[in-house]
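> Sharing my_file03.cif here; it has mmCIF, C-alpha atoms and all ligand atoms.
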data_coords
#
loop_
_atom_site.label_atom_id
_atom_site.label_comp_id
_atom_site.auth_asym_id
_atom_site.auth_seq_id
_atom_site.Cartn_x
_atom_site.Cartn_y
_atom_site.Cartn_z
CA MET L 1 175.70 -37.41 -3.09
CA VAL L 2 176.61 -36.05 -6.49
CA GLY L 3 174.58 -34.02 -8.88
CA VAL L 4 176.22 -35.14 -12.08
CA THR L 5 175.25 -37.55 -14.82
CA ALA L 6 176.47 -41.04 -14.08
CA ALA L 7 178.24 -42.99 -16.77
CA PRO L 8 176.42 -46.02 -18.18
CA ALA L 9 176.96 -48.93 -15.81
CA ASP L 10 175.79 -52.48 -15.15
CA VAL L 11 173.06 -53.13 -12.63
CA ALA L 12 175.52 -53.81 -9.80
CA THR L 13 176.98 -50.33 -10.06
CA GLY L 14 174.15 -48.41 -11.70
CA SER L 15 173.24 -45.10 -10.14
CA VAL L 16 170.07 -44.07 -8.35
CA TYR L 17 168.41 -41.13 -10.08
CA VAL L 18 166.25 -39.19 -7.61
CA ALA L 19 164.35 -36.83 -9.88
CA ARG L 20 163.31 -34.42 -7.11
CA LEU L 21 164.65 -33.78 -3.65
CA LEU L 22 162.68 -35.95 -1.19
CA THR L 23 162.16 -35.41 2.55
CA ASP L 24 165.31 -35.30 4.68
CA ASP L 25 164.69 -38.71 6.29
CA ALA L 26 164.23 -40.37 2.88
CA MET L 27 167.35 -38.70 1.51
CA ALA L 28 169.24 -39.97 4.57
CA SER L 29 168.02 -43.54 3.90
CA LEU L 30 169.43 -43.31 0.39
CA GLN L 31 172.88 -42.54 1.77
CA SER L 32 173.09 -46.13 3.06
CA LEU L 33 173.11 -47.38 -0.53
CA ASP L 34 176.56 -47.88 -1.88
CA ARG L 35 175.58 -46.24 -5.15
CA THR L 36 176.08 -43.00 -6.95
CA LEU L 37 173.10 -40.76 -6.22
CA VAL L 38 172.07 -38.38 -8.98
CA VAL L 39 169.76 -35.96 -7.26
CA GLY L 40 167.50 -33.48 -8.97
CA PRO L 41 166.23 -30.17 -7.62
CA GLU L 42 163.28 -29.49 -5.34
CA GLU L 43 161.32 -28.10 -8.28
CA PRO L 44 160.21 -30.43 -11.13
CA PRO L 45 163.12 -31.16 -13.47
CA THR L 46 162.71 -30.28 -17.14
CA ARG L 47 162.40 -33.08 -19.66
CA GLU L 48 165.86 -32.23 -20.98
CA GLU L 49 167.30 -32.47 -17.45
CA ILE L 50 165.70 -35.88 -16.90
CA LEU L 51 167.13 -37.20 -20.16
CA ARG L 52 170.55 -35.78 -19.29
CA ARG L 53 170.65 -37.23 -15.77
CA VAL L 54 168.98 -40.61 -16.13
CA PRO L 55 171.61 -42.50 -18.19
CA GLY L 56 173.25 -45.19 -16.08
CA ALA L 57 170.43 -45.41 -13.52
CA ALA L 58 169.54 -48.79 -12.02
CA ALA L 59 166.71 -47.07 -10.13
CA ILE L 60 164.62 -44.01 -10.88
CA ILE L 61 162.84 -42.47 -7.90
CA CYS L 62 160.35 -40.00 -9.31
CA THR L 63 157.21 -38.09 -8.42
CA LEU L 64 153.95 -37.51 -10.27
CA THR L 65 155.42 -34.49 -12.05
CA GLU L 66 157.89 -36.56 -14.12
CA ARG L 67 156.67 -38.38 -17.22
CA ILE L 68 158.53 -41.69 -17.32
CA ASP L 69 157.93 -43.12 -20.78
CA ALA L 70 159.79 -45.31 -23.26
CA GLU L 71 162.18 -42.50 -24.15
CA VAL L 72 163.26 -42.04 -20.51
CA LEU L 73 163.46 -45.80 -19.90
CA ASP L 74 165.67 -46.22 -22.97
CA ALA L 75 167.78 -43.23 -21.99
CA ALA L 76 168.38 -44.87 -18.59
CA GLY L 77 169.81 -47.99 -20.22
CA PRO L 78 169.46 -51.77 -19.90
CA GLN L 79 170.69 -51.82 -16.28
CA LEU L 80 167.49 -50.07 -15.12
CA ARG L 81 165.58 -52.29 -12.66
CA VAL L 82 162.98 -50.15 -10.93
CA VAL L 83 160.93 -46.98 -11.30
CA ALA L 84 159.69 -46.01 -7.82
CA ASN L 85 156.96 -43.39 -7.95
CA THR L 86 156.50 -41.17 -4.90
CA ALA L 87 152.70 -41.10 -5.31
CA VAL L 88 149.90 -43.61 -5.28
CA GLY L 89 148.69 -42.53 -8.73
CA TYR L 90 151.04 -43.68 -11.47
CA ASP L 91 149.46 -42.32 -14.62
CA ASN L 92 152.77 -40.47 -15.20
CA ILE L 93 154.51 -43.80 -15.90
CA ASP L 94 154.20 -45.96 -19.00
CA VAL L 95 153.85 -49.22 -17.06
CA ALA L 96 153.58 -51.36 -20.20
CA ALA L 97 156.82 -49.91 -21.59
CA ALA L 98 158.54 -50.56 -18.25
CA ARG L 99 157.25 -54.14 -18.12
CA ALA L 100 158.43 -54.76 -21.67
CA ARG L 101 161.93 -53.79 -20.52
CA GLY L 102 161.82 -55.92 -17.36
CA VAL L 103 161.59 -52.83 -15.15
CA VAL L 104 159.49 -53.00 -11.97
CA VAL L 105 157.15 -50.05 -11.25
CA THR L 106 156.13 -49.24 -7.68
CA ASN L 107 153.87 -46.66 -6.03
CA THR L 108 152.94 -45.56 -2.49
CA PRO L 109 149.50 -46.96 -1.63
CA GLY L 110 147.98 -46.75 1.83
CA VAL L 111 150.09 -44.05 3.41
CA LEU L 112 148.21 -41.03 2.07
CA ASP L 113 144.59 -42.14 2.39
CA ARG L 114 143.85 -40.26 5.58
CA ALA L 115 145.59 -37.04 4.57
CA THR L 116 143.78 -37.01 1.22
CA ALA L 117 140.45 -37.79 2.86
CA ASP L 118 141.03 -35.00 5.40
CA LEU L 119 141.65 -32.52 2.59
CA THR L 120 138.55 -33.75 0.77
CA LEU L 121 136.38 -33.02 3.80
CA GLY L 122 138.14 -29.67 4.16
CA LEU L 123 137.24 -28.80 0.57
CA ILE L 124 133.66 -29.98 1.01
CA LEU L 125 133.27 -27.77 4.08
CA ALA L 126 135.11 -24.85 2.47
CA ALA L 127 132.71 -24.91 -0.46
CA THR L 128 129.39 -25.89 1.14
CA ARG L 129 129.83 -23.59 4.18
CA ARG L 130 131.34 -20.88 1.97
CA ILE L 131 134.52 -20.62 4.07
CA ALA L 132 136.80 -19.62 1.20
CA GLU L 133 134.23 -17.17 -0.12
CA GLY L 134 133.76 -15.69 3.38
CA ASP L 135 137.52 -15.29 3.76
CA ARG L 136 137.72 -13.41 0.42
CA PHE L 137 134.71 -11.33 1.41
CA LEU L 138 136.41 -10.07 4.58
CA ARG L 139 139.80 -9.57 2.95
CA ASN L 140 138.10 -7.43 0.31
CA GLY L 141 136.80 -5.18 3.10
CA THR L 142 133.15 -5.83 2.22
CA PRO L 143 130.84 -4.21 4.80
CA TRP L 144 128.75 -6.78 6.67
CA THR L 145 126.61 -7.57 9.66
CA TRP L 146 125.29 -10.97 10.75
CA GLY L 147 121.91 -11.75 9.19
CA PRO L 148 119.52 -14.71 9.04
CA ARG L 149 119.99 -14.92 5.26
CA MET L 150 123.64 -14.02 5.10
CA MET L 151 126.02 -16.46 3.33
CA VAL L 152 123.88 -19.47 4.10
CA GLY L 153 125.36 -22.74 2.86
CA LEU L 154 124.49 -26.43 2.73
CA ASP L 155 123.94 -28.23 6.04
CA LEU L 156 125.89 -31.47 5.58
CA SER L 157 124.42 -33.06 8.68
CA ALA L 158 120.79 -32.36 7.71
CA GLY L 159 120.65 -35.38 5.43
CA ALA L 160 123.04 -34.26 2.66
CA THR L 161 124.13 -37.06 0.36
CA LEU L 162 127.75 -37.68 -0.64
CA GLY L 163 128.43 -39.68 -3.79
CA ILE L 164 131.86 -41.31 -3.95
CA ILE L 165 133.18 -42.30 -7.37
CA GLY L 166 136.02 -44.71 -6.65
CA LEU L 167 135.46 -46.50 -3.35
CA GLY L 168 139.07 -47.63 -2.90
CA ARG L 169 141.32 -46.84 0.05
CA ILE L 170 140.93 -43.06 -0.18
CA GLY L 171 137.23 -43.20 -1.04
CA ARG L 172 136.59 -45.40 2.00
CA ALA L 173 138.47 -42.96 4.25
CA VAL L 174 136.29 -40.15 2.86
CA ALA L 175 133.15 -42.20 3.51
CA GLN L 176 134.22 -42.78 7.11
CA ARG L 177 134.68 -39.04 7.67
CA ALA L 178 131.41 -38.18 5.92
CA ARG L 179 129.54 -40.55 8.21
CA ALA L 180 130.89 -38.60 11.19
CA PHE L 181 129.09 -35.60 9.65
CA ASP L 182 125.88 -37.68 9.43
CA MET L 183 125.94 -37.59 5.64
CA GLN L 184 124.22 -40.29 3.61
CA VAL L 185 126.86 -42.05 1.51
CA LEU L 186 126.47 -43.49 -1.98
CA ALA L 187 129.28 -45.06 -4.00
CA THR L 188 129.79 -46.63 -7.40
CA PRO L 189 130.52 -50.39 -7.44
CA THR L 190 133.87 -51.36 -5.96
CA ARG L 191 136.18 -54.37 -5.85
CA ALA L 192 137.20 -53.43 -2.27
CA GLU L 193 136.19 -55.81 0.51
CA LEU L 194 133.92 -53.63 2.63
CA ASP L 195 133.54 -54.38 6.32
CA ASP L 196 130.14 -54.82 8.00
CA ASP L 197 129.89 -51.17 9.06
CA GLU L 198 130.68 -49.98 5.56
CA ARG L 199 128.19 -52.36 3.99
CA ALA L 200 125.50 -51.02 6.32
CA ALA L 201 126.37 -47.36 5.80
CA ILE L 202 127.31 -47.09 2.12
CA GLN L 203 124.74 -47.67 -0.60
CA ILE L 204 126.28 -48.95 -3.83
CA VAL L 205 124.55 -47.52 -6.90
CA ASP L 206 125.39 -47.06 -10.56
CA LEU L 207 126.94 -43.83 -11.82
CA PRO L 208 123.75 -42.21 -13.19
CA GLU L 209 121.91 -42.79 -9.92
CA LEU L 210 124.85 -41.46 -7.90
CA LEU L 211 125.02 -38.31 -10.04
CA ARG L 212 121.28 -37.78 -9.81
CA ARG L 213 120.99 -38.19 -6.02
CA SER L 214 124.18 -36.64 -4.61
CA ASP L 215 124.51 -33.19 -3.06
CA VAL L 216 128.28 -33.63 -3.18
CA VAL L 217 130.02 -35.79 -5.81
CA SER L 218 133.62 -36.64 -4.87
CA LEU L 219 136.13 -38.28 -7.23
CA HIS L 220 138.58 -40.89 -5.92
CA CYS L 221 139.27 -43.04 -8.97
CA PRO L 222 142.65 -43.38 -10.68
CA LEU L 223 143.23 -41.71 -14.05
CA THR L 224 142.99 -44.38 -16.75
CA PRO L 225 141.76 -44.31 -20.37
CA GLN L 226 138.33 -45.31 -18.96
CA THR L 227 138.15 -42.46 -16.40
CA ARG L 228 139.57 -39.64 -18.57
CA HIS L 229 136.75 -37.08 -18.82
CA LEU L 230 134.43 -39.37 -16.87
CA ILE L 231 132.83 -36.14 -15.70
CA ASP L 232 131.82 -34.60 -19.01
CA ASP L 233 128.84 -32.54 -20.27
CA ASP L 234 126.56 -35.51 -19.98
CA ALA L 235 127.60 -36.40 -16.40
CA LEU L 236 127.35 -32.78 -15.25
CA ARG L 237 123.86 -32.48 -16.73
CA GLN L 238 122.76 -35.42 -14.58
CA MET L 239 123.84 -33.72 -11.33
CA LYS L 240 121.56 -31.58 -9.16
CA PRO L 241 121.71 -27.86 -9.99
CA THR L 242 122.82 -27.29 -6.39
CA ALA L 243 125.43 -30.09 -6.31
CA LEU L 244 129.11 -29.65 -5.50
CA LEU L 245 131.77 -31.49 -7.54
CA VAL L 246 134.98 -32.31 -5.63
CA ASN L 247 138.14 -33.55 -7.35
CA THR L 248 141.15 -34.67 -5.31
CA ALA L 249 141.98 -37.51 -7.74
CA ARG L 250 143.47 -36.40 -11.07
CA GLY L 251 142.57 -33.35 -13.13
CA PRO L 252 141.79 -35.09 -16.43
CA VAL L 253 138.98 -37.12 -14.81
CA VAL L 254 136.98 -33.90 -15.29
CA ASP L 255 136.49 -32.19 -18.66
CA THR L 256 137.36 -28.60 -17.70
CA ASP L 257 135.49 -27.04 -20.64
CA ALA L 258 132.36 -28.94 -19.64
CA LEU L 259 132.80 -27.96 -15.98
CA VAL L 260 133.20 -24.26 -16.81
CA ALA L 261 130.07 -24.39 -18.99
CA ALA L 262 128.10 -26.20 -16.25
CA LEU L 263 129.15 -23.66 -13.62
CA ALA L 264 128.38 -20.71 -15.88
CA GLY L 265 125.02 -22.17 -16.88
CA GLY L 266 123.99 -23.06 -13.31
CA GLU L 267 123.86 -26.78 -14.14
CA ILE L 268 125.74 -27.51 -10.91
CA GLY L 269 126.15 -25.45 -7.73
CA GLY L 270 129.92 -25.37 -7.35
CA ALA L 271 133.25 -27.17 -7.46
CA ALA L 272 136.19 -27.79 -5.16
CA LEU L 273 139.30 -28.76 -7.06
CA ASP L 274 142.71 -29.85 -5.79
CA VAL L 275 143.88 -31.19 -9.17
CA PHE L 276 143.77 -29.78 -12.70
CA GLU L 277 143.82 -31.01 -16.27
CA ASP L 278 147.14 -29.43 -17.19
CA GLU L 279 148.94 -29.02 -13.86
CA PRO L 280 150.38 -26.72 -12.71
CA HIS L 281 148.32 -24.57 -15.08
CA VAL L 282 144.94 -23.62 -13.62
CA ASP L 283 142.35 -22.64 -16.21
CA PRO L 284 141.80 -18.91 -15.55
CA ARG L 285 138.08 -19.30 -16.22
CA LEU L 286 137.80 -21.22 -12.93
CA LEU L 287 139.14 -18.24 -10.98
CA GLY L 288 136.09 -16.13 -11.81
CA PHE L 289 133.55 -18.31 -10.00
CA GLU L 290 132.74 -17.37 -6.40
CA GLN L 291 131.36 -20.91 -5.86
CA VAL L 292 134.65 -22.63 -6.78
CA VAL L 293 137.35 -23.49 -4.21
CA LEU L 294 140.84 -24.21 -5.52
CA THR L 295 143.93 -25.72 -3.86
CA PRO L 296 147.29 -26.62 -5.47
CA HIS L 297 147.33 -30.47 -5.31
CA LEU L 298 147.61 -30.57 -1.52
CA GLY L 299 145.91 -33.95 -0.97
CA SER L 300 148.94 -35.65 0.57
CA ALA L 301 150.71 -32.49 1.74
CA ALA L 302 150.86 -33.32 5.44
CA ASP L 303 154.20 -33.83 7.16
CA ALA L 304 153.98 -37.43 8.39
CA THR L 305 152.28 -38.47 5.14
CA ARG L 306 154.92 -36.96 2.88
CA SER L 307 157.64 -38.56 4.96
CA ALA L 308 155.91 -41.97 4.69
CA MET L 309 155.48 -41.58 0.92
CA CYS L 310 159.15 -40.70 0.38
CA GLN L 311 160.33 -43.50 2.69
CA MET L 312 158.13 -45.93 0.79
CA SER L 313 159.43 -45.01 -2.65
CA VAL L 314 163.01 -45.20 -1.38
CA GLY L 315 162.24 -48.55 0.32
CA ASN L 316 160.90 -49.91 -2.96
CA ALA L 317 164.03 -48.88 -4.86
CA VAL L 318 166.34 -50.26 -2.16
CA ALA L 319 164.49 -53.60 -2.09
CA VAL L 320 164.65 -54.14 -5.84
CA LEU L 321 168.31 -53.12 -6.04
CA ALA L 322 169.07 -55.61 -3.24
CA GLY L 323 167.35 -58.37 -5.22
CA ARG L 324 164.34 -58.49 -2.91
CA PRO L 325 160.69 -58.22 -4.02
CA PRO L 326 159.37 -54.67 -4.20
CA LEU L 327 157.24 -53.59 -1.23
CA THR L 328 154.37 -52.17 -3.31
CA PRO L 329 154.55 -53.03 -7.01
CA VAL L 330 151.76 -51.71 -9.21
CA SER L 331 149.51 -54.51 -10.35
C1 LIG L 401 149.21 -39.29 -5.28
O1 LIG L 401 149.94 -39.88 -4.48
O2 LIG L 401 148.85 -39.80 -6.34
C2 LIG L 401 148.73 -37.94 -4.88
O3 LIG L 401 148.10 -37.28 -5.92
C3 LIG L 401 149.88 -37.11 -4.35
O4 LIG L 401 149.34 -36.05 -3.62
#
With the file now loaded, output its structure as structure tokens.
Ligand code: DGY


Amino acid sequence: MVGVTAAPADVATGSVYVARLLTDDAMASLQSLDRTLVVGPEEPPTREEILRRVPGAAAIICTLTERIDAEVLDAAGPQLRVVANTAVGYDNIDVAAARARGVVVTNTPGVLDRATADLTLGLILAATRRIAEGDRFLRNGTPWTWGPRMMVGLDLSAGATLGIIGLGRIGRAVAQRARAFDMQVLATPTRAELDDDERAAIQIVDLPELLRRSDVVSLHCPLTPQTRHLIDDDALRQMKPTALLVNTARGPVVDTDALVAALAGGEIGGAALDVFEDEPHVDPRLLGFEQVVLTPHLGSAADATRSAMCQMSVGNAVAVLAGRPPLTPVS
């Protein structure tokens, strides 16, 4: 493994640029490739570092923190064959620019559904049962005694309704968990083939109805031009004044200014956010709300899941470099 810029090369000898250090098992799999490995740091590389290290790459293995656009693709050179994202979301990659250059783009679908759904339920419970607030309360040394009206939250299993926007793999895993809590589940229309149990348990409704009826609205759609700021002033106004908004998808699906105004004005009851509009920056206005729970993009941060994601992105790069079809190309 070398950490230097590879010289421009043809596809047979092109390097593999690994923008960020992956899990140990994935890094070990890369050693089997008879290629120069150009390995970035554990932390996100700067733009300048990407542009300095990518020339000569036949494969780029990146994460959601690297923007792979026409400039990076051109800097890599004409031998580039594959950009393998270590994430299911691929809004960080200019797929059209890659396609125009004959470069395959891959992602990591399927392996992080359960971990992300687990975190979603964790956030829902942390916010509705005031777990994060209670933790802060004790750490602050606030005097307390148990009381019938003390820190009472929402009873999920007493008929609370969950609205899922984006009933794909992750949304379906969230629905399955919510049903175990006896929640009623609504979802916006989906192209997914639901099984009989799902068809019986999940009511498909349009977005306005979902916003109007849900006690918890949870986002599981990809970030696209159509979903950017899907949750804006207008959407927030349609939600119940007690409703919780949960975002484990992508930050820009929610208009942060609108969310802050809705929280301040009591238009919604609270928010639980794992993703942010300008990551890793967290809008400081969000920190002031007791009814907001925040986590640093931990959706897939579980050991077996991260290992599977890294192995999958490496497997995609290895397959394309060997002339085989990619395992999970983006459509
Ligand atoms: C993804 O894979 O898109 C997730 O956001 C990573 O946690």

> As AutoDock Vina command-line options, what would the box around ligand LIG 401 (chain L) look like: edges along x, y and z, 6 Å added on every side, centre and edge lengths in Å to one decimal?


--center_x 149.0 --center_y -38.0 --center_z -5.0 --size_x 13.8 --size_y 15.8 --size_z 14.7

> Let me have all residues with an atom within 10 Å of ligand LIG 401 (chain L), counting only C-alpha atoms and all ligand atoms, laid out as a ChimeraX atom specification.

/L:63-65,85-92,107-113,115-116,222-223,248-251,274-275,296-302,305-306,309

> Which residue out of L:Val293, L:Leu21, L:Ala28, L:Ala127 has the minimum interatomic distance to Glu42 (chain L) when only C-alpha atoms are used?

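The closest residue to Glu42 (chain L) is L:Leu21.
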
> Name the closest residue to Ala187 (chain L) among the candidates L:Leu210, L:Ala70, L:Val103, L:Leu125; distances are taken between atoms, counting only C-alpha atoms.

L:Leu210

> Which residue is closest to Ala272 (chain L)? Choose from L:Ser218, L:Thr106, L:Gln176, L:Ser29 and count all atoms listed in the file.

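The answer is L:Ser218, which sits nearest to Ala272 (chain L).
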
> For Arg47 (chain L), which residue among L:Asp34, L:Asp69, L:Glu193, L:Asp303 is the nearest when counting all atoms listed in the file?

L:Asp69

> From the list L:Gly159, L:Gly40, L:Pro241, L:Pro143, which residue is nearest Leu211 (chain L) when using all atoms listed in the file?

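That would be L:Pro241, the residue with the smallest distance to Leu211 (chain L).
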
> Near Ile131 (chain L), counting all atoms listed in the file, which residues have an atom at most 12 Å away, once you skip same-chain residues fewer than 3 positions from it, shown as a list in words?

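Those residues are Gly122, Leu123, Ile124, Leu125, Ala126, Ala127, Thr128, Gly134, Asp135, Arg136, Phe137, Leu138, Met151, Val152, Gly153, Leu154, Ala272, Glu290, Gln291, Val292 and Val293 of chain L.
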
> Filtering to C-alpha atoms, could you give me those residues as a PDB file, in the frame of the given file?


ATOM      1  CA  GLY L 122     138.140 -29.670   4.160  1.00  0.00           C
ATOM      2  CA  LEU L 123     137.240 -28.800   0.570  1.00  0.00           C
ATOM      3  CA  ILE L 124     133.660 -29.980   1.010  1.00  0.00           C
ATOM      4  CA  LEU L 125     133.270 -27.770   4.080  1.00  0.00           C
ATOM      5  CA  ALA L 126     135.110 -24.850   2.470  1.00  0.00           C
ATOM      6  CA  ALA L 127     132.710 -24.910  -0.460  1.00  0.00           C
ATOM      7  CA  THR L 128     129.390 -25.890   1.140  1.00  0.00           C
ATOM      8  CA  GLY L 134     133.760 -15.690   3.380  1.00  0.00           C
ATOM      9  CA  ASP L 135     137.520 -15.290   3.760  1.00  0.00           C
ATOM     10  CA  ARG L 136     137.720 -13.410   0.420  1.00  0.00           C
ATOM     11  CA  PHE L 137     134.710 -11.330   1.410  1.00  0.00           C
ATOM     12  CA  LEU L 138     136.410 -10.070   4.580  1.00  0.00           C
ATOM     13  CA  MET L 151     126.020 -16.460   3.330  1.00  0.00           C
ATOM     14  CA  VAL L 152     123.880 -19.470   4.100  1.00  0.00           C
ATOM     15  CA  GLY L 153     125.360 -22.740   2.860  1.00  0.00           C
ATOM     16  CA  LEU L 154     124.490 -26.430   2.730  1.00  0.00           C
ATOM     17  CA  ALA L 272     136.190 -27.790  -5.160  1.00  0.00           C
ATOM     18  CA  GLU L 290     132.740 -17.370  -6.400  1.00  0.00           C
ATOM     19  CA  GLN L 291     131.360 -20.910  -5.860  1.00  0.00           C
ATOM     20  CA  VAL L 292     134.650 -22.630  -6.780  1.00  0.00           C
ATOM     21  CA  VAL L 293     137.350 -23.490  -4.210  1.00  0.00           C
TER      22      VAL L 293
END

> Using all atoms listed in the file, can you list as number ranges by chain the residues within 12 Å of (166.2, -43.5, -19.0)?

L: 5-6, 8, 14-17, 19, 47-62, 66-83, 97-98, 101, 103

> Find the distance between CA of Gly166 (chain L) and CA of Asp234 (chain L) and write it in Å to one decimal.

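Here the two named atoms are 18.8 Å from each other.
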
> Can you tell me, as number ranges by chain, what residues are no more than 12 Å from Pro252 (chain L) when counting only C-alpha atoms, ignoring any on the same chain fewer than 4 positions away?

L: 91, 219, 221-232, 247-248, 256-259, 273-279

> Would you list the contacts of Phe289 (chain L) as an MDAnalysis selection string, taking every protein, DNA or RNA residue within 12 Å and counting all atoms listed in the file, but skipping same-chain residues closer than 6 positions in sequence?

chainID L and resid 127 132:133 259:266 269:272 283

> For Met239 (chain L), which residue out of L:Gly163, L:Asp155, L:Cys310, L:Pro189 is the nearest one, using all atoms listed in the file?

L:Gly163

> Just so I have it separately, write region 82-134 of chain L from the block I sent, keeping C-alpha atoms, as a compact mmCIF listing (two decimals), in the first residue's frame.


# COMPACT_ATOMS: atom_id res chain seq x y z
CA VAL L 82 -15.54 2.64 -11.71
CA VAL L 83 -16.57 4.90 -8.85
CA ALA L 84 -17.61 2.67 -5.94
CA ASN L 85 -19.47 4.58 -3.25
CA THR L 86 -19.39 3.19 0.29
CA ALA L 87 -22.98 4.28 0.98
CA VAL L 88 -26.39 3.51 -0.42
CA GLY L 89 -27.11 7.20 -1.10
CA TYR L 90 -25.08 8.51 -4.02
CA ASP L 91 -26.08 12.15 -4.22
CA ASN L 92 -22.36 12.95 -3.76
CA ILE L 93 -21.63 11.57 -7.24
CA ASP L 94 -22.43 13.18 -10.58
CA VAL L 95 -23.77 9.98 -12.14
CA ALA L 96 -24.53 11.61 -15.50
CA ALA L 97 -20.96 12.92 -15.78
CA ALA L 98 -19.63 9.45 -14.92
CA ARG L 99 -21.90 7.79 -17.49
CA ALA L 100 -20.81 10.27 -20.15
CA ARG L 101 -17.23 9.14 -19.54
CA GLY L 102 -18.06 5.42 -19.57
CA VAL L 103 -17.48 5.13 -15.82
CA VAL L 104 -19.66 2.74 -13.81
CA VAL L 105 -21.08 4.02 -10.49
CA THR L 106 -21.96 1.59 -7.71
CA ASN L 107 -23.44 1.90 -4.21
CA THR L 108 -24.15 -0.38 -1.23
CA PRO L 109 -27.87 -1.18 -1.14
CA GLY L 110 -29.40 -3.73 1.20
CA VAL L 111 -26.67 -4.11 3.77
CA LEU L 112 -27.54 -1.12 5.95
CA ASP L 113 -31.34 -1.28 6.03
CA ARG L 114 -31.63 -2.91 9.43
CA ALA L 115 -29.00 -0.77 11.13
CA THR L 116 -30.59 2.42 9.79
CA ALA L 117 -34.06 1.25 10.77
CA ASP L 118 -32.80 0.38 14.26
CA LEU L 119 -31.39 3.88 14.67
CA THR L 120 -34.64 5.38 13.39
CA LEU L 121 -36.62 3.58 16.08
CA GLY L 122 -33.99 4.61 18.62
CA LEU L 123 -34.46 8.26 17.63
CA ILE L 124 -38.24 7.95 17.70
CA LEU L 125 -38.10 6.53 21.23
CA ALA L 126 -35.43 9.01 22.35
CA ALA L 127 -37.64 11.91 21.28
CA THR L 128 -41.15 10.67 22.08
CA ARG L 129 -40.19 9.16 25.47
CA ARG L 130 -37.88 12.11 26.18
CA ILE L 131 -34.85 9.87 26.79
CA ALA L 132 -32.26 12.38 25.57
CA GLU L 133 -33.97 15.19 27.46
CA GLY L 134 -34.13 13.06 30.62
